[in-house]
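**Q** This is the structure, below, for whatever I ask next.
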Amino acid sequence: MAHEHKLEIFRGLLKFKSNTQKIWGVLIFLTIITAVEVGLGISKPDSLTGNSFLGMKLLNWIFIILTLVKAYYIAWDFMHLRDENSSLRRAIVWTPVFLVAYLAFILLVEGNYIYEVFRDGFVTWNF
Amino acid sequence: MDSTVTTGAQESVWGGGNRPLGASYGKLMMWFFLVSDAITFSGFLAAYGFSRFKFIETWPIADEVFTHVPFFHGNYPMYYVAFMTFILIMSSVTMVLAVDAGHKMKKNTVVWYMFLTIIGGAIFVGSQAWEWATFISGDYGAVETKGGRILQFVKADNTSERAALADFAKTLPGDRVAHENKNGLWFYSEGYQPSYTVNEVLEGFKADSNILVRTETINAEGDKTVLSREESLAKLQSVTQVVEGANLIHNEYGSRLFADFFFFITGFHGFHVFSGVLINLIVFFNVALGTYEKRGHYEMVEKVGLYWHFVDLVWVFVFTFFYLV
């Protein structure tokens, strides 16, 4: 099971000498991201909660983007998808991404619609 | 393009024996399972999003629900969950290190890193159990209205400070007699009773002018709405029961769906971690006994590693959508 490891992250910006070193590097990166998330979650800066983009608060956009970044590095370096064939990688990544995006879109739009029915309808729900 | 199947003369495409994905059978099957499991989890999280969007104005604020750290008193939102996240990422790291050592056929290093991974997983499951216990036993207590809405209590002089039922509820002399086995033909034990009756909470509220009602509704600033004294008294007329803690039917933190999804999603994830720890244990003993050394490769460590990282990956999403967003 001799494996070739690709030792670059951040598109070659950071190159590690060994696989073990890369693992620790990725850990540091993931820890920093988690710390940033928790810090923002506790402080909740007004500039980020007050403004929104596409109907969602900026803060929540930051959380979701940071989560996807974390997911990327867990999958690419810990689950070593970086070292797999691109065909395997694409099959694994794009299948769920497509299905999840579809499901999330439909359910969130529907949930929002029901919220509007509750809000604007003639039946009182809050009593 | 290493993804295309080579169709050169040196290889017969139709005769079989090609490995277009370049991965072993076992690894492919593990990936198969993980992709389907990822879709299952996404289904749960999407359902959570659906319910949350439905009740977007009244959904509980996670920071106010998960505020406890073991052995410490006080209000520490998020810290413990952040610690759990770190533990899980850390155990993911020891797992990759085990896989890496496996590739180099270093048996003792693999054993050592597998052991650390199992410890990390056990700490995480233990934390999860503690988190559940805290959530179930509840914090301040609340009352539920006829329409199933939760009313919580805050101090009037500082509305960000919650008031527990025990702070103001009166103890009234009651004539409630417990029904006993010897007195009835058909006997049902009475089950759990809240510490205070609705009447005791109401009387306590009327007597203590420093208490206000806080509703589920989130205002423009992103905080829960606090009612004035008169509004509070009017609202309390529709109270039907006292709620302490959370279960699948009643939930003192607010929308009951929040508790349902909390139990379901973190429970399903916790079960994954638990089974991951068991599988890791089996592989740990196999490594220690030299099974993979004899087999000539440590692919089993790699496969269980994939599962373990997947559990970590799911937690990253659960953490975001349950605790942060």
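Order determines the names: the first chain of the structure tokens is A, the second B, and so forth; residues in each chain are numbered 1 upward, and ligands are numbered 1 upward as they are shown.
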Write out as a PyMOL selection string each polymer residue whose atoms come within 12 Å of Leu66 (chain A), counting only C-alpha atoms; drop sequence neighbours fewer than 3 positions from it.
**A** (chain A and resi 29-38+40+59-63+69-73) or (chain B and resi 316-317+319-320+324-325)
**Q** Could you save the residues just selected, with C-alpha atoms, as a PDB file, in the first residue's frame?
**A**
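Result written to out.pdb:
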ATOM      1  CA  PHE A  29      -6.031  25.597  10.418  1.00  0.00           C
ATOM      2  CA  LEU A  30      -9.267  23.841  11.504  1.00  0.00           C
ATOM      3  CA  THR A  31      -8.750  24.913  15.117  1.00  0.00           C
ATOM      4  CA  ILE A  32      -8.334  28.527  14.069  1.00  0.00           C
ATOM      5  CA  ILE A  33     -11.550  28.373  12.036  1.00  0.00           C
ATOM      6  CA  THR A  34     -13.469  26.844  14.963  1.00  0.00           C
ATOM      7  CA  ALA A  35     -12.092  29.508  17.309  1.00  0.00           C
ATOM      8  CA  VAL A  36     -13.189  32.240  14.901  1.00  0.00           C
ATOM      9  CA  GLU A  37     -16.666  30.695  14.672  1.00  0.00           C
ATOM     10  CA  VAL A  38     -17.070  30.459  18.423  1.00  0.00           C
ATOM     11  CA  LEU A  40     -18.167  35.394  16.405  1.00  0.00           C
ATOM     12  CA  LEU A  59     -22.989  36.336  10.305  1.00  0.00           C
ATOM     13  CA  ASN A  60     -24.863  33.206   9.261  1.00  0.00           C
ATOM     14  CA  TRP A  61     -23.296  33.368   5.802  1.00  0.00           C
ATOM     15  CA  ILE A  62     -19.876  33.492   7.436  1.00  0.00           C
ATOM     16  CA  PHE A  63     -20.740  30.480   9.610  1.00  0.00           C
ATOM     17  CA  VAL A  69     -14.209  25.279   4.336  1.00  0.00           C
ATOM     18  CA  LYS A  70     -13.798  22.974   7.331  1.00  0.00           C
ATOM     19  CA  ALA A  71     -15.687  20.199   5.555  1.00  0.00           C
ATOM     20  CA  TYR A  72     -13.399  20.613   2.553  1.00  0.00           C
ATOM     21  CA  TYR A  73     -10.224  20.172   4.574  1.00  0.00           C
TER      22      TYR A  73
ATOM     23  CA  VAL B 316     -19.082  20.153  11.896  1.00  0.00           C
ATOM     24  CA  PHE B 317     -22.428  20.640  10.180  1.00  0.00           C
ATOM     25  CA  PHE B 319     -22.439  22.286  15.238  1.00  0.00           C
ATOM     26  CA  THR B 320     -23.078  25.029  12.706  1.00  0.00           C
ATOM     27  CA  LEU B 324     -24.156  28.727  15.645  1.00  0.00           C
ATOM     28  CA  VAL B 325     -26.650  29.811  13.014  1.00  0.00           C
TER      29      VAL B 325
END
**Q** Where does DSSP see alpha helix (DSSP H) in region 35-138 of chain B, if you list the residues as JSON, numbers by chain?
**A** {"B": [35, 36, 37, 38, 39, 40, 41, 42, 43, 44, 45, 46, 47, 48, 49, 50, 51, 52, 53, 54, 62, 63, 64, 65, 79, 80, 81, 82, 83, 84, 85, 86, 87, 88, 89, 90, 91, 92, 93, 94, 95, 96, 97, 98, 99, 100, 101, 102, 103, 107, 108, 109, 110, 111, 112, 113, 114, 115, 116, 117, 118, 119, 120, 121, 122, 123, 124, 125, 126, 127, 128, 129, 130, 131, 132, 133, 134, 135, 136, 137]}
**Q** Write down, as a ChimeraX atom specification, each residue of chain A that has any atom within 8 Å of an atom of chain B, counting only C-alpha atoms.
**A** /A:1-3,19-20,23-24,27,31,34-35,37-38,41-42,59-60,63-64,67,70-71,74-75,78-79,84-88,92,96,99-100,103-104,107-108,110-115,125-127
**Q** With C-alpha atoms kept, could you save the residues just selected as a short mmCIF file (atom, residue, chain, number, x, y, z; two decimals), in the first residue's frame?
**A**
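Contents of the output file result-v9.cif:
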data_model
loop_
_atom_site.label_atom_id
_atom_site.label_comp_id
_atom_site.auth_asym_id
_atom_site.auth_seq_id
_atom_site.Cartn_x
_atom_site.Cartn_y
_atom_site.Cartn_z
CA MET A 1 0.00 0.00 0.00
CA ALA A 2 2.56 2.55 -1.00
CA HIS A 3 0.74 5.84 -1.25
CA ASN A 19 2.27 13.76 5.48
CA THR A 20 2.43 13.92 9.27
CA ILE A 23 -1.92 16.66 9.21
CA TRP A 24 -0.77 18.92 12.04
CA LEU A 27 -5.37 20.67 12.48
CA THR A 31 -8.75 24.91 15.12
CA THR A 34 -13.47 26.84 14.96
CA ALA A 35 -12.09 29.51 17.31
CA GLU A 37 -16.67 30.69 14.67
CA VAL A 38 -17.07 30.46 18.42
CA GLY A 41 -20.97 33.28 17.87
CA ILE A 42 -20.39 34.69 21.34
CA LEU A 59 -22.99 36.34 10.30
CA ASN A 60 -24.86 33.21 9.26
CA PHE A 63 -20.74 30.48 9.61
CA ILE A 64 -21.94 28.44 6.65
CA THR A 67 -18.30 25.21 7.79
CA LYS A 70 -13.80 22.97 7.33
CA ALA A 71 -15.69 20.20 5.56
CA ILE A 74 -11.62 17.25 6.58
CA ALA A 75 -12.60 15.45 3.38
CA PHE A 78 -8.20 13.63 6.67
CA MET A 79 -10.20 11.40 4.36
CA GLU A 84 -7.63 9.81 -4.80
CA ASN A 85 -8.46 9.76 -8.50
CA SER A 86 -10.44 12.78 -9.59
CA SER A 87 -13.22 10.49 -10.88
CA LEU A 88 -13.72 8.98 -7.42
CA ILE A 92 -18.29 11.26 -3.96
CA PRO A 96 -24.52 14.57 -2.37
CA LEU A 99 -29.04 16.22 -3.90
CA VAL A 100 -28.57 18.26 -0.74
CA LEU A 103 -33.54 19.22 -0.96
CA ALA A 104 -32.46 22.23 1.08
CA LEU A 107 -37.67 22.48 2.04
CA LEU A 108 -36.53 25.97 2.99
CA GLU A 110 -41.68 25.50 1.61
CA GLY A 111 -40.91 26.23 5.27
CA ASN A 112 -40.88 29.94 4.53
CA TYR A 113 -44.21 29.64 2.74
CA ILE A 114 -45.81 27.93 5.74
CA TYR A 115 -44.39 30.65 7.98
CA TRP A 125 -51.54 30.26 16.44
CA ASN A 126 -50.07 32.23 19.28
CA PHE A 127 -52.46 32.11 22.21
#
**Q** List the spatial neighbours of Phe16 (chain A) as a ChimeraX atom specification - criterion: any atom at most 12 Å away, only C-alpha atoms, same-chain residues fewer than 4 positions off excluded.
**A** /A:5-10,12,20-26
**Q** I need the residues of chain A that end up classed as strand (DSSP E or B) by DSSP on the backbone, written out as a PyMOL selection string.
**A** chain A and resi 8-9+14-15+52-53+56-57
**Q** Tell me which protein, DNA and RNA residues are within 9 Å of Leu227 (chain B), counting only C-alpha atoms, leaving out same-chain ones fewer than 3 positions away, and put them as a VMD selection string.
**A** chain B and resid 212 to 215 230 to 232 235
**Q** Please dump the current selection as an mmCIF file, in the first residue's frame; keep N, CA and C atoms.
**A**
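Result file follows (selection_21.cif):
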data_model
loop_
_atom_site.group_PDB
_atom_site.id
_atom_site.type_symbol
_atom_site.label_atom_id
_atom_site.label_comp_id
_atom_site.auth_asym_id
_atom_site.auth_seq_id
_atom_site.Cartn_x
_atom_site.Cartn_y
_atom_site.Cartn_z
ATOM 1 N N LEU B 212 -40.970 39.630 35.078
ATOM 2 C CA LEU B 212 -41.722 39.874 33.844
ATOM 3 C C LEU B 212 -41.750 38.602 33.015
ATOM 4 N N VAL B 213 -42.699 38.560 32.090
ATOM 5 C CA VAL B 213 -42.813 37.405 31.208
ATOM 6 C C VAL B 213 -42.043 37.674 29.931
ATOM 7 N N ARG B 214 -41.366 36.641 29.462
ATOM 8 C CA ARG B 214 -40.663 36.730 28.191
ATOM 9 C C ARG B 214 -41.296 35.713 27.246
ATOM 10 N N THR B 215 -41.711 36.179 26.064
ATOM 11 C CA THR B 215 -42.381 35.268 25.129
ATOM 12 C C THR B 215 -41.374 34.656 24.174
ATOM 13 N N GLU B 230 -48.348 44.551 32.932
ATOM 14 C CA GLU B 230 -49.775 44.337 32.649
ATOM 15 C C GLU B 230 -49.946 43.259 31.574
ATOM 16 N N GLU B 231 -49.121 43.392 30.515
ATOM 17 C CA GLU B 231 -49.200 42.390 29.439
ATOM 18 C C GLU B 231 -48.885 40.998 29.980
ATOM 19 N N SER B 232 -47.892 40.944 30.875
ATOM 20 C CA SER B 232 -47.512 39.662 31.454
ATOM 21 C C SER B 232 -48.685 39.029 32.188
ATOM 22 N N LYS B 235 -51.224 37.778 29.822
ATOM 23 C CA LYS B 235 -50.747 36.584 29.117
ATOM 24 C C LYS B 235 -50.830 35.359 30.017
#
**Q** With a distance cut-off of 12 Å and only C-alpha atoms, select the neighbouring residues of Ser228 (chain B), excluding the residue or stretch itself and same-chain residues fewer than 5 positions from it, and output the selection as a ChimeraX atom specification.
**A** /B:153-157,159,209-215,233-236
**Q** Pull C-alpha atoms from the residues just selected and write them as a CSV table (one decimal), in the first residue's frame.
**A**
chain,number,residue,atom,x,y,z
B,153,PHE,CA,-39.6,34.7,33.2
B,154,VAL,CA,-37.0,37.5,33.5
B,155,LYS,CA,-36.0,40.0,36.2
B,156,ALA,CA,-37.6,43.4,35.6
B,157,ASP,CA,-34.5,45.4,36.8
B,159,THR,CA,-34.3,41.8,31.6
B,209,SER,CA,-43.2,43.0,41.0
B,210,ASN,CA,-39.6,42.3,39.8
B,211,ILE,CA,-40.7,39.5,37.5
B,212,LEU,CA,-41.7,39.9,33.8
B,213,VAL,CA,-42.8,37.4,31.2
B,214,ARG,CA,-40.7,36.7,28.2
B,215,THR,CA,-42.4,35.3,25.1
B,233,LEU,CA,-50.5,39.3,33.8
B,234,ALA,CA,-52.9,39.2,30.9
B,235,LYS,CA,-50.7,36.6,29.1
B,236,LEU,CA,-50.5,34.4,32.2
**Q** Record the distance separating CA of Arg19 (chain B) and CA of Phe98 (chain A), expressed in Å with one decimal.
**A**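 Distance between the two atoms: 25.4 Å.
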